[in-house]
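Below is data10.pdb, which holds PDB, C-alpha atoms.
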```
ATOM      1  CA  MET A  75      19.489  -4.942  18.192
ATOM      2  CA  SER A  76      15.938  -6.108  17.486
ATOM      3  CA  ARG A  77      15.439  -7.397  13.962
ATOM      4  CA  PRO A  78      12.022  -7.349  12.289
ATOM      5  CA  GLU A  79       9.938 -10.398  13.030
ATOM      6  CA  LEU A  80       8.044  -9.797   9.784
ATOM      7  CA  THR A  81       8.573  -7.436   6.850
ATOM      8  CA  LEU A  82       5.980  -6.531   4.227
ATOM      9  CA  ILE A  83       6.632  -4.279   1.240
ATOM     10  CA  GLN A  84       3.746  -2.068   0.162
ATOM     11  CA  LEU A  85       3.603  -1.035  -3.486
ATOM     12  CA  SER A  86       0.714   1.335  -4.094
ATOM     13  CA  ASP A  87      -0.707   2.972  -7.200
ATOM     14  CA  PRO A  88       1.721   1.652  -9.824
ATOM     15  CA  HIS A  89      -0.777   2.492 -12.639
ATOM     16  CA  ILE A  90       0.766  -0.102 -14.947
ATOM     17  CA  LEU A  91       0.149   0.343 -18.681
ATOM     18  CA  ALA A  92      -0.071  -2.549 -21.117
ATOM     19  CA  GLY A  93       2.608  -1.451 -23.576
ATOM     20  CA  GLN A  94       6.263  -0.954 -22.750
ATOM     21  CA  SER A  95       6.390   2.232 -24.824
ATOM     22  CA  GLU A  96       3.334   3.803 -23.169
ATOM     23  CA  ARG A  97       3.850   6.704 -20.757
ATOM     24  CA  LEU A  98       1.504   7.868 -18.003
ATOM     25  CA  HIS A  99       0.779  11.591 -18.384
ATOM     26  CA  GLY A 100       3.140  11.434 -21.352
ATOM     27  CA  HIS A 101       6.214  11.103 -19.104
ATOM     28  CA  ILE A 102       6.198   8.126 -16.726
ATOM     29  CA  ALA A 103       7.168   4.592 -17.770
ATOM     30  CA  THR A 104       5.236   2.955 -14.943
ATOM     31  CA  GLY A 105       6.419  -0.564 -15.730
ATOM     32  CA  THR A 106      10.040   0.554 -15.472
ATOM     33  CA  VAL A 107       9.307   2.303 -12.166
ATOM     34  CA  LEU A 108       7.828  -0.928 -10.769
ATOM     35  CA  GLU A 109      10.854  -2.942 -11.875
ATOM     36  CA  SER A 110      13.175  -0.367 -10.296
ATOM     37  CA  ALA A 111      11.246  -0.557  -7.026
ATOM     38  CA  LEU A 112      11.602  -4.333  -6.908
ATOM     39  CA  ASP A 113      15.313  -4.021  -7.720
ATOM     40  CA  THR A 114      15.651  -1.689  -4.721
ATOM     41  CA  VAL A 115      13.976  -4.258  -2.489
ATOM     42  CA  THR A 116      16.179  -7.057  -3.800
ATOM     43  CA  ARG A 117      19.411  -5.081  -3.417
ATOM     44  CA  SER A 118      18.542  -4.252   0.177
ATOM     45  CA  GLY A 119      18.850  -7.887   1.189
ATOM     46  CA  ALA A 120      15.840  -7.461   3.490
ATOM     47  CA  GLU A 121      13.990 -10.652   4.341
ATOM     48  CA  VAL A 122      10.620  -9.850   2.785
ATOM     49  CA  HIS A 123       7.670 -12.013   3.792
ATOM     50  CA  GLY A 124       5.085 -10.570   1.425
ATOM     51  CA  LEU A 125       4.081  -7.790  -0.968
ATOM     52  CA  LEU A 126       1.000  -5.622  -0.468
ATOM     53  CA  LEU A 127      -0.236  -4.111  -3.739
ATOM     54  CA  THR A 128      -2.788  -1.595  -2.534
ATOM     55  CA  GLY A 129      -4.783  -0.542  -5.558
ATOM     56  CA  ASP A 130      -4.684   1.312  -8.855
ATOM     57  CA  LEU A 131      -2.542  -1.558 -10.029
ATOM     58  CA  THR A 132      -3.247  -0.643 -13.652
ATOM     59  CA  ASP A 133      -4.221   2.677 -15.152
ATOM     60  CA  ASP A 134      -6.979   1.467 -17.476
ATOM     61  CA  GLY A 135      -7.937  -1.979 -16.145
ATOM     62  CA  SER A 136      -6.785  -3.800 -19.286
ATOM     63  CA  PRO A 137      -6.041  -7.548 -19.017
ATOM     64  CA  ALA A 138      -2.658  -7.056 -20.689
ATOM     65  CA  ALA A 139      -1.622  -4.526 -18.044
ATOM     66  CA  TYR A 140      -2.544  -6.965 -15.251
ATOM     67  CA  ARG A 141      -0.525  -9.707 -16.915
ATOM     68  CA  ARG A 142       2.465  -7.392 -17.151
ATOM     69  CA  LEU A 143       2.094  -6.437 -13.482
ATOM     70  CA  ARG A 144       1.779 -10.028 -12.287
ATOM     71  CA  ALA A 145       4.771 -11.230 -14.299
ATOM     72  CA  THR A 146       6.880  -8.472 -12.727
ATOM     73  CA  VAL A 147       5.933  -8.752  -9.050
ATOM     74  CA  GLU A 148       5.862 -12.535  -8.858
ATOM     75  CA  ARG A 149       9.560 -12.660  -9.767
ATOM     76  CA  LEU A 150      10.312 -11.775  -6.147
ATOM     77  CA  GLY A 151       9.063 -15.210  -5.094
ATOM     78  CA  VAL A 152       7.065 -14.099  -2.024
ATOM     79  CA  PRO A 153       3.295 -14.070  -1.355
ATOM     80  CA  VAL A 154       1.505 -11.203  -3.103
ATOM     81  CA  VAL A 155      -1.633  -9.528  -1.745
ATOM     82  CA  TYR A 156      -3.619  -7.761  -4.460
ATOM     83  CA  ALA A 157      -6.171  -5.031  -3.632
ATOM     84  CA  MET A 158      -8.538  -3.153  -5.933
ATOM     85  CA  GLY A 159      -8.260   0.563  -6.673
ATOM     86  CA  ASN A 160     -10.571   2.941  -8.476
ATOM     87  CA  HIS A 161      -8.588   2.632 -11.728
ATOM     88  CA  ASP A 162      -8.884  -1.160 -11.641
ATOM     89  CA  ASP A 163     -11.469  -3.299 -13.404
ATOM     90  CA  ARG A 164     -13.022  -5.967 -11.192
ATOM     91  CA  ALA A 165     -13.530  -8.591 -13.901
ATOM     92  CA  ALA A 166     -10.008  -8.277 -15.332
ATOM     93  CA  PHE A 167      -8.510  -8.000 -11.825
ATOM     94  CA  ARG A 168     -10.183 -11.252 -10.787
ATOM     95  CA  SER A 169      -9.359 -13.096 -13.983
ATOM     96  CA  GLU A 170      -5.724 -12.070 -14.427
ATOM     97  CA  LEU A 171      -4.537 -11.809 -10.810
ATOM     98  CA  LEU A 172      -6.747 -14.200  -8.841
ATOM     99  CA  GLY A 173      -7.719 -16.755 -11.473
ATOM    100  CA  GLU A 174     -11.403 -16.199 -10.682
ATOM    101  CA  SER A 175     -14.486 -15.050 -12.528
ATOM    102  CA  GLY A 176     -17.041 -12.496 -11.429
ATOM    103  CA  SER A 177     -17.466  -8.754 -11.160
ATOM    104  CA  GLY A 178     -18.476  -8.240  -7.506
ATOM    105  CA  PRO A 179     -16.354  -6.616  -4.783
ATOM    106  CA  CYS A 180     -12.918  -8.225  -4.445
ATOM    107  CA  HIS A 181     -12.472  -9.005  -0.749
ATOM    108  CA  ALA A 182      -9.900 -11.522   0.487
ATOM    109  CA  VAL A 183      -8.161 -12.824   3.586
ATOM    110  CA  TYR A 184      -4.503 -13.878   3.683
ATOM    111  CA  GLU A 185      -2.217 -15.180   6.412
ATOM    112  CA  ILE A 186       1.479 -14.314   6.413
ATOM    113  CA  GLY A 187       3.620 -15.304   9.377
ATOM    114  CA  GLY A 188       0.696 -15.397  11.776
ATOM    115  CA  VAL A 189      -0.548 -11.943  10.689
ATOM    116  CA  ARG A 190      -4.013 -11.899   9.131
ATOM    117  CA  ILE A 191      -4.285  -9.532   6.172
ATOM    118  CA  VAL A 192      -7.838  -8.562   5.291
ATOM    119  CA  VAL A 193      -8.402  -6.890   1.922
ATOM    120  CA  LEU A 194     -11.511  -4.739   1.647
ATOM    121  CA  ASP A 195     -12.672  -3.438  -1.750
ATOM    122  CA  SER A 196     -13.593   0.242  -1.331
ATOM    123  CA  THR A 197     -14.189   0.848  -5.048
ATOM    124  CA  ARG A 198     -17.475   1.530  -6.779
ATOM    125  CA  PRO A 199     -17.587   1.141 -10.597
ATOM    126  CA  GLY A 200     -17.719   4.528 -12.275
ATOM    127  CA  ARG A 201     -16.635   6.411  -9.131
ATOM    128  CA  HIS A 202     -13.216   7.523  -7.908
ATOM    129  CA  ASP A 203     -14.078   8.179  -4.269
ATOM    130  CA  GLY A 204     -14.332   5.309  -1.788
ATOM    131  CA  HIS A 205     -17.519   3.576  -0.628
ATOM    132  CA  LEU A 206     -18.397   0.621   1.607
ATOM    133  CA  ASP A 207     -21.936  -0.716   1.929
ATOM    134  CA  GLU A 208     -23.449  -2.482   4.926
ATOM    135  CA  GLY A 209     -22.975  -5.916   3.340
ATOM    136  CA  GLN A 210     -19.250  -5.298   3.017
ATOM    137  CA  LEU A 211     -19.006  -4.147   6.626
ATOM    138  CA  GLU A 212     -20.944  -7.206   7.800
ATOM    139  CA  TRP A 213     -18.447  -9.397   5.929
ATOM    140  CA  LEU A 214     -15.586  -7.518   7.591
ATOM    141  CA  ARG A 215     -17.057  -7.898  11.081
ATOM    142  CA  ALA A 216     -17.533 -11.629  10.525
ATOM    143  CA  GLU A 217     -13.908 -12.036   9.433
ATOM    144  CA  LEU A 218     -12.703 -10.124  12.496
ATOM    145  CA  SER A 219     -14.904 -11.980  14.972
ATOM    146  CA  GLU A 220     -11.982 -14.219  15.994
ATOM    147  CA  PRO A 221      -8.499 -12.756  16.624
ATOM    148  CA  ALA A 222      -5.451 -13.814  14.622
ATOM    149  CA  PRO A 223      -2.245 -15.066  16.322
ATOM    150  CA  ARG A 224      -0.315 -11.834  15.610
ATOM    151  CA  GLY A 225      -3.159  -9.484  14.868
ATOM    152  CA  THR A 226      -4.696  -8.158  11.673
ATOM    153  CA  VAL A 227      -3.628  -5.641   9.032
ATOM    154  CA  LEU A 228      -6.527  -4.160   7.048
ATOM    155  CA  VAL A 229      -5.799  -3.208   3.444
ATOM    156  CA  VAL A 230      -8.161  -0.724   1.775
ATOM    157  CA  HIS A 231      -7.328   1.514  -1.179
ATOM    158  CA  HIS A 232      -9.102   4.722  -0.134
ATOM    159  CA  PRO A 233      -7.808   6.407   3.039
ATOM    160  CA  PRO A 234     -10.488   6.853   5.725
ATOM    161  CA  LEU A 235      -8.813  10.182   6.551
ATOM    162  CA  PRO A 236      -9.046  13.794   5.419
ATOM    163  CA  SER A 237      -6.286  15.185   3.193
ATOM    164  CA  PRO A 238      -4.709  18.650   2.931
ATOM    165  CA  VAL A 239      -4.881  18.268  -0.868
ATOM    166  CA  PRO A 240      -8.416  19.300  -1.882
ATOM    167  CA  THR A 241      -8.844  16.817  -4.721
ATOM    168  CA  VAL A 242      -7.567  13.925  -2.600
ATOM    169  CA  HIS A 243      -9.888  15.018   0.209
ATOM    170  CA  LEU A 244     -12.873  14.791  -2.135
ATOM    171  CA  LEU A 245     -11.786  11.306  -3.243
ATOM    172  CA  ARG A 246     -11.283   9.820   0.245
ATOM    173  CA  LEU A 247     -13.319   6.958   1.741
ATOM    174  CA  ARG A 248     -16.830   8.224   2.412
ATOM    175  CA  ASP A 249     -18.574   7.611   5.758
ATOM    176  CA  ALA A 250     -15.359   6.503   7.440
ATOM    177  CA  GLY A 251     -17.181   6.495  10.763
ATOM    178  CA  ARG A 252     -19.074   3.370   9.714
ATOM    179  CA  LEU A 253     -15.778   1.587   9.115
ATOM    180  CA  ALA A 254     -14.524   2.826  12.494
ATOM    181  CA  GLU A 255     -17.545   1.266  14.197
ATOM    182  CA  SER A 256     -16.819  -2.064  12.503
ATOM    183  CA  LEU A 257     -13.170  -2.008  13.630
ATOM    184  CA  ALA A 258     -13.782  -0.982  17.237
ATOM    185  CA  GLY A 259     -12.719  -3.732  19.630
ATOM    186  CA  SER A 260     -11.168  -5.868  16.881
ATOM    187  CA  ASP A 261      -7.577  -7.092  16.603
ATOM    188  CA  VAL A 262      -6.820  -4.778  13.645
ATOM    189  CA  ARG A 263      -3.490  -3.162  14.484
ATOM    190  CA  LEU A 264      -2.834  -1.188  11.307
ATOM    191  CA  VAL A 265      -4.915   0.084   8.380
ATOM    192  CA  VAL A 266      -2.860   0.297   5.179
ATOM    193  CA  THR A 267      -4.046   2.489   2.289
ATOM    194  CA  GLY A 268      -2.889   4.212  -0.883
ATOM    195  CA  HIS A 269      -4.791   6.334  -3.441
ATOM    196  CA  ALA A 270      -3.637   9.762  -2.222
ATOM    197  CA  HIS A 271      -0.262   9.729  -4.023
ATOM    198  CA  HIS A 272       1.178  11.507  -1.001
ATOM    199  CA  THR A 273       2.416   9.969   2.249
ATOM    200  CA  GLY A 274       0.308  10.453   5.354
ATOM    201  CA  CYS A 275      -0.847   8.945   8.616
ATOM    202  CA  GLY A 276      -3.657   9.286  11.100
ATOM    203  CA  ALA A 277      -5.947   7.077  13.146
ATOM    204  CA  LEU A 278      -9.388   5.489  12.926
ATOM    205  CA  ALA A 279     -11.082   4.038  16.015
ATOM    206  CA  GLY A 280      -7.712   4.437  17.735
ATOM    207  CA  ILE A 281      -6.010   2.287  15.075
ATOM    208  CA  PRO A 282      -3.072   3.752  13.106
ATOM    209  CA  VAL A 283      -3.812   4.461   9.431
ATOM    210  CA  TRP A 284      -0.922   4.566   6.960
ATOM    211  CA  VAL A 285      -1.202   6.277   3.570
ATOM    212  CA  SER A 286       1.613   5.009   1.379
ATOM    213  CA  PRO A 287       3.526   7.034  -1.197
ATOM    214  CA  ALA A 288       2.639   6.055  -4.752
ATOM    215  CA  LEU A 289       4.861   4.363  -7.286
ATOM    216  CA  ALA A 290       3.585   6.139 -10.402
ATOM    217  CA  TYR A 291       3.934   9.772  -9.337
ATOM    218  CA  ARG A 292       3.635  12.063  -6.321
ATOM    219  CA  VAL A 293       0.931  14.620  -5.570
ATOM    220  CA  GLU A 294       2.669  17.553  -3.895
ATOM    221  CA  ALA A 295       1.244  18.366  -0.465
ATOM    222  CA  LEU A 296       2.766  21.880  -0.438
ATOM    223  CA  PRO A 297       2.351  23.172  -3.995
ATOM    224  CA  PRO A 298       2.496  26.865  -4.952
ATOM    225  CA  ARG A 299      -0.599  28.813  -3.947
ATOM    226  CA  ALA A 300      -3.748  27.942  -5.929
ATOM    227  CA  ARG A 301      -1.983  25.146  -7.850
ATOM    228  CA  LEU A 302      -2.236  21.340  -7.825
ATOM    229  CA  VAL A 303       1.044  19.692  -8.778
ATOM    230  CA  GLY A 304       1.989  16.121  -9.639
ATOM    231  CA  SER A 305       5.683  15.214  -9.818
ATOM    232  CA  ALA A 306       7.586  12.343 -11.391
ATOM    233  CA  ALA A 307       8.672  11.053  -8.005
ATOM    234  CA  SER A 308       7.846   7.721  -6.450
ATOM    235  CA  GLY A 309       8.098   5.708  -3.278
ATOM    236  CA  LEU A 310       7.122   2.524  -1.516
ATOM    237  CA  SER A 311       6.541   1.507   2.087
ATOM    238  CA  ARG A 312       8.127  -1.120   4.274
ATOM    239  CA  ILE A 313       5.934  -2.375   7.075
ATOM    240  CA  ASP A 314       7.757  -4.182   9.839
ATOM    241  CA  LEU A 315       6.661  -6.049  12.934
ATOM    242  CA  ILE A 316       9.373  -5.238  15.481
ATOM    243  CA  ASP A 317       9.178  -6.121  19.171
ATOM    244  CA  GLY A 318       5.485  -6.778  18.712
ATOM    245  CA  ALA A 319       4.761  -3.353  17.157
ATOM    246  CA  PHE A 320       3.889  -2.563  13.546
ATOM    247  CA  VAL A 321       6.009   0.212  12.060
ATOM    248  CA  ALA A 322       5.406   1.749   8.613
ATOM    249  CA  THR A 323       8.284   3.532   6.872
ATOM    250  CA  ALA A 324       8.199   5.464   3.591
ATOM    251  CA  VAL A 325      11.054   4.710   1.179
ATOM    252  CA  GLU A 326      11.743   7.258  -1.548
ATOM    253  CA  LEU A 327      12.901   5.850  -4.862
ATOM    254  CA  GLY A 328      15.227   7.400  -7.399
ATOM    255  CA  ALA A 329      18.602   9.070  -7.436
ATOM    256  CA  ALA A 330      19.747  10.963  -4.358
ATOM    257  CA  VAL A 331      23.076  12.285  -3.109
ATOM    258  CA  THR A 332      24.689   9.806  -0.688
ATOM    259  CA  VAL A 333      25.822  11.555   2.498
ATOM    260  CA  TYR A 334      27.241   8.445   4.144
ATOM    261  CA  ASP A 335      27.711   4.775   3.300
ATOM    262  CA  GLU A 336      29.098   2.855   6.283
ATOM    263  CA  ASP A 337      29.412  -0.697   7.520
ATOM    264  CA  GLU A 338      26.155  -1.471   9.290
ATOM    265  CA  ALA A 339      27.553  -3.546  12.138
ATOM    266  CA  ALA A 340      30.268  -0.997  12.936
ATOM    267  CA  ARG A 341      27.816   1.891  12.893
ATOM    268  CA  VAL A 342      25.328   0.041  15.113
ATOM    269  CA  ARG A 343      28.100  -0.715  17.611
ATOM    270  CA  PHE A 344      29.123   2.943  17.640
ATOM    271  CA  VAL A 345      25.560   4.148  18.235
ATOM    272  CA  ALA A 346      24.928   1.493  20.904
ATOM    273  CA  GLU A 347      28.053   2.552  22.767
ATOM    274  CA  HIS A 348      26.745   6.110  22.909
ATOM    275  CA  THR A 349      23.152   5.254  23.788
ATOM    276  CA  SER A 350      21.614   4.445  27.126
ATOM    277  CA  GLN A 351      20.602   0.794  27.010
ATOM    278  CA  VAL A 352      17.223   0.102  28.560
ATOM    279  CA  GLY A 353      15.820  -3.401  28.950
TER     280      GLY A 353
END
```
So, in terms of structure tokens, how does the structure I just supplied come out?
Amino acid sequence: MSRPELTLIQLSDPHILAGQSERLHGHIATGTVLESALDTVTRSGAEVHGLLLTGDLTDDGSPAAYRRLRATVERLGVPVVYAMGNHDDRAAFRSELLGESGSGPCHAVYEIGGVRIVVLDSTRPGRHDGHLDEGQLEWLRAELSEPAPRGTVLVVHHPPLPSPVPTVHLLRLRDAGRLAESLAGSDVRLVVTGHAHHTGCGALAGIPVWVSPALAYRVEALPPRARLVGSAASGLSRIDLIDGAFVATAVELGAAVTVYDEDEAARVRFVAEHTSQVG
């Protein structure tokens, strides 16, 4: 059986609040949800090579909320990639998470296991939809001018895709075609996004685009007619490099009825014995 060559955990839209007693929408203890998500990752025993935090890291951009977030995620002891979302504040984000000053767009480049991770800031202060100007796209093209050993993953908060949820559709990345032109012919193998609060996928310039579930709450993609519904449900994504291919998988969090719990090695042997082996 092929094991992942690289595993990244994507945590999107945690909307962390500064105080432990604060509740998002009056119900959701977002800090507790984040801790529970990390506990799930730890209990899995998966060899995690990095965390991708893909925007809306805090709900109000307060320095205290960023400090609470950082103290929680860095306990895992793996590299952390931080990306801006529309609820984030650039100055506090830079100061508390990156140890930098400034209020301009927060772009960055990381390397994890031979994979280049490029973070592109699609936020615009005072707006909730996504925007990229020509200067940002020039920066991106320059970074992508040379290929990385195992390819590139692009992280951007706003999905460059339509959405079946009308509000999410209005808040998508604007002028996605300009981003597509900048990615064409590059070594970008996966575009990783958040923001929508519902899981989705599509493609841009022939490159797969993954929209992660959100940690804080879920926007229902099939609500009752003429309603928009948010639910206290959460999820994360695991992104694996397996046999040279990137695979994104949504992981729902929270209680669920267990329908089987078997020894992994025994179950794999059973399935392999009843599967045609190719290659």
Work out how far apart CA of Ser219 (chain A) and CA of Ser196 (chain A) are and give it in Å to one decimal. 20.4 Å
Mind checking which residues fall within 12 Å of Gly280 (chain A), counting all atoms listed in the file, ignoring those fewer than 5 positions away in the same chain, and posting them as a ChimeraX atom specification? /A:251,254-255,257-265
Let me have the centre and edge lengths of the axis-aligned box enclosing all listed atoms of region 182-192 of chain A with 6 Å padding on every side, in Å to one decimal, as AutoDock Vina command-line options.
```
--center_x -3.1 --center_y -12.0 --center_z 6.1 --size_x 25.5 --size_y 18.8 --size_z 23.3
```
Can you list what the PyMOL selection byres ((chain A and resi 204) around 12) grabs from this structure, as a VMD selection string? chain A and resid 129 158 to 161 194 to 203 205 to 207 230 to 235 242 to 250 253 267 to 270
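Minimum atom-to-atom distance to Pro297 (chain A), evaluated using all atoms listed in the file, belongs to A:Pro240 out of A:Pro223, A:Pro240, A:Gly151, A:Pro282.
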Taking into account only C-alpha atoms, which residue in the set A:Arg292, A:Arg343, A:Arg149, A:Arg312 is nearest to Leu112 (chain A)?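 For Leu112 (chain A), the nearest of the candidates is A:Arg149.
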Give me the result of the PyMOL selection byres ((chain A and resi 107) around 12) on this file, residue by residue, as number ranges by chain. A: 85-91, 94, 97-98, 101-106, 108-114, 143, 146-147, 288-291, 306-310, 326-328
